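Comments concern the structure below.
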Amino acid sequence: MPTQPPDPLIVGWDIGGAHLKACVTRGGEVVDVAQWACPLWQGLDQLDRVLQRAHARWPMLQDAPGRVAHAVTMSGEMVDAFAHREDGVQRIATRLAQTLHGAVRLYAGDLGWIAPADATRHWERIASANWLATAQHAAAVFGDGVLIDVGSTTTDLIAFAGGRVLTASRSDHDRLASGELIYQGVVRTPLCALARRIMFRGRSLNVMNEWFATTADVYRLTGELDPTHDQQPSADGQPKDRVATQQRLARMVGLDARDASDEAWQGFAQAWRDEQVNEIAGQLARVVDADAALPAATGAEAHPRFSSTAAAATPPAGTIVTAGCGAFLVAAVAARVAALAGWPCRAYGSEVARIAITDGRTSSDDKVAWAQVCAPSIAVASLLARERG
């Protein structure tokens with residue numbers, strides 16, 4: 001009997017401004033997933049370098065291009081290496097079409113899938129749509145809920161109900177207005193962006209508005225940031241050990257690491273953590289309140305869970321889907337929003353993504369962990385696979 005040909009591969013790509021995230025899927029299951037640092041603001045040669053690393057990891061992508069399709073989303077078009085976002089979308093799309101083996105399709109949200117040759121015509125829908133792909137995938141699995149994706153640089157807060165994303169926003173500009181996009185993450189955000197004043201040893205102090213330290217320093221000290229997700233250089237280019245990390249934090253309030261104890265610096269890191277959790281929680285309350293009023297959400301009476309002032313006794317009616325390398329913050333964030341009382345948290349990596357049995361290269365646990373971080377790449381691969389049947 002003739003041998004059944006293997007299922008085609010669908011590769012998901014999320015081209016960011018600081019990282020490239022990618023996965024290989026077969027039959028709707030994630031075979032492998034990875035993230036590479038990719039400082040795209042330094043030029044497209046950085047993308048070329050990372051694509052070479054991806055092809056070295058997955059040589060099968062070049063062996064049978066007729067069996068490979070590429071699903072692409074991006075946010076890297078906004079880096080200052082490009083004249084404007086349209087230029088960024090067009091140049092990234094062209095480079096991918098030239099480099100990848102197999103059909104390339106660009107995710108354009110409500111428009112569906114766009115060929116690279118048409119990227120310029122539809123650039124506004126292609127630009128920074130990765131959050132929408134993740135939210136659509138989560139909505140398809142859980143129906144009602146909210147996606148909280150805390151990444152290295154940004155946080156997305158997206159409500160969904162009835163299996164569809166609720167927000168009418170489709171641009172970063174609009175999402176900044178609604179609170180659905182917070183330009184804060186757990187690795188790259190300068191600490192001076194988190195607070196104007198901060199508590200240290202019982203005193204409230206003005207913050208030095210310099211790029212002395214980043215959120216990675218905070219979560220390195222709290223022990224919550226996975227070292228494998230800490231891929232960006234430190235603010236001063238120095239090591240990431242405890243002493244160097246404390247020194248960067250100390251500069252934020254005009255001190256040196258030697259001026260306080262390890263315990264004091266640990267408490268200082270916790271103060272910065274509290275500031276970030278409070279900011280994300282405040283924006284999350286804004287998002288769920290706004291989505292309660294949308295006619296498509298059938299009104300606040302039918303969906304009291306979408307109000308931050310809803311009674312804590314409201315029975316659980318939705319799911320919090322967590323994603324990103326900062327998902328460790330979500331429980332603390334959700335606890336500050338009364339409307340979400342009783343809602344269970346479900347991890348995108350383990351309960352939305354479908355992970356294939358280990359192939360010997362990467363353990364299933366590692367794939368689940370990286371799927372959590374690389375959610376948009378898995379989402380676009382999964383959405384394209386679903387469309388293709």
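Here, A, B, ... name the chains of the structure tokens in the order displayed, residue numbers run from 1 inside each chain, and ligands are numbered from 1 in the same displayed order.
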Once you count only C-alpha atoms, what closest atom pair and distance in Å to one decimal does each residue of stretch 22-105 of chain A within 10 Å of stretch 229-238 of chain A have, with rows by chain and rising residue number, as JSON lines?
{"residue": "A:Gln35", "atom": "CA", "partner": "A:His229", "partner_atom": "CA", "distance": 8.6}
{"residue": "A:Trp36", "atom": "CA", "partner": "A:Gln231", "partner_atom": "CA", "distance": 7.9}
{"residue": "A:Ala37", "atom": "CA", "partner": "A:Gln231", "partner_atom": "CA", "distance": 6.1}
{"residue": "A:Cys38", "atom": "CA", "partner": "A:Gln232", "partner_atom": "CA", "distance": 9.3}
{"residue": "A:Pro39", "atom": "CA", "partner": "A:Gln232", "partner_atom": "CA", "distance": 8.9}
Checklist entry - Could you name the residues that touch A:Gly109 at 7 Å or less, counting only C-alpha atoms, but leaving out those on the same chain fewer than 6 positions away, as a list in words? => result Arg125, Ala129 and Leu132 of chain A
Next on the checklist: For stretch 257-274 of chain A, find every residue with an atom within 6 Å (counting only C-alpha atoms), except residues of its own chain fewer than 2 positions away, and show them as a list in words.
Outcome noted: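 What passes the distance filter is Phe200, Val218, Gln246, Gln247, Ala250, Gln276 and Val277 of chain A.
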Item to check | stretch 122-124 of chain A surroundings by only C-alpha atoms, 7 Å radius, close-in-sequence under 4 positions cut, as a ChimeraX atom specification | outcome: /A:86,89,118
Checklist entry - Neighbours of A:Val24 within 10 Å (only C-alpha atoms; same-chain residues fewer than 2 positions away dropped), as a PyMOL selection string? => result chain A and resi 9-13+22+26+28-34+58+61+68-70+377-378+381
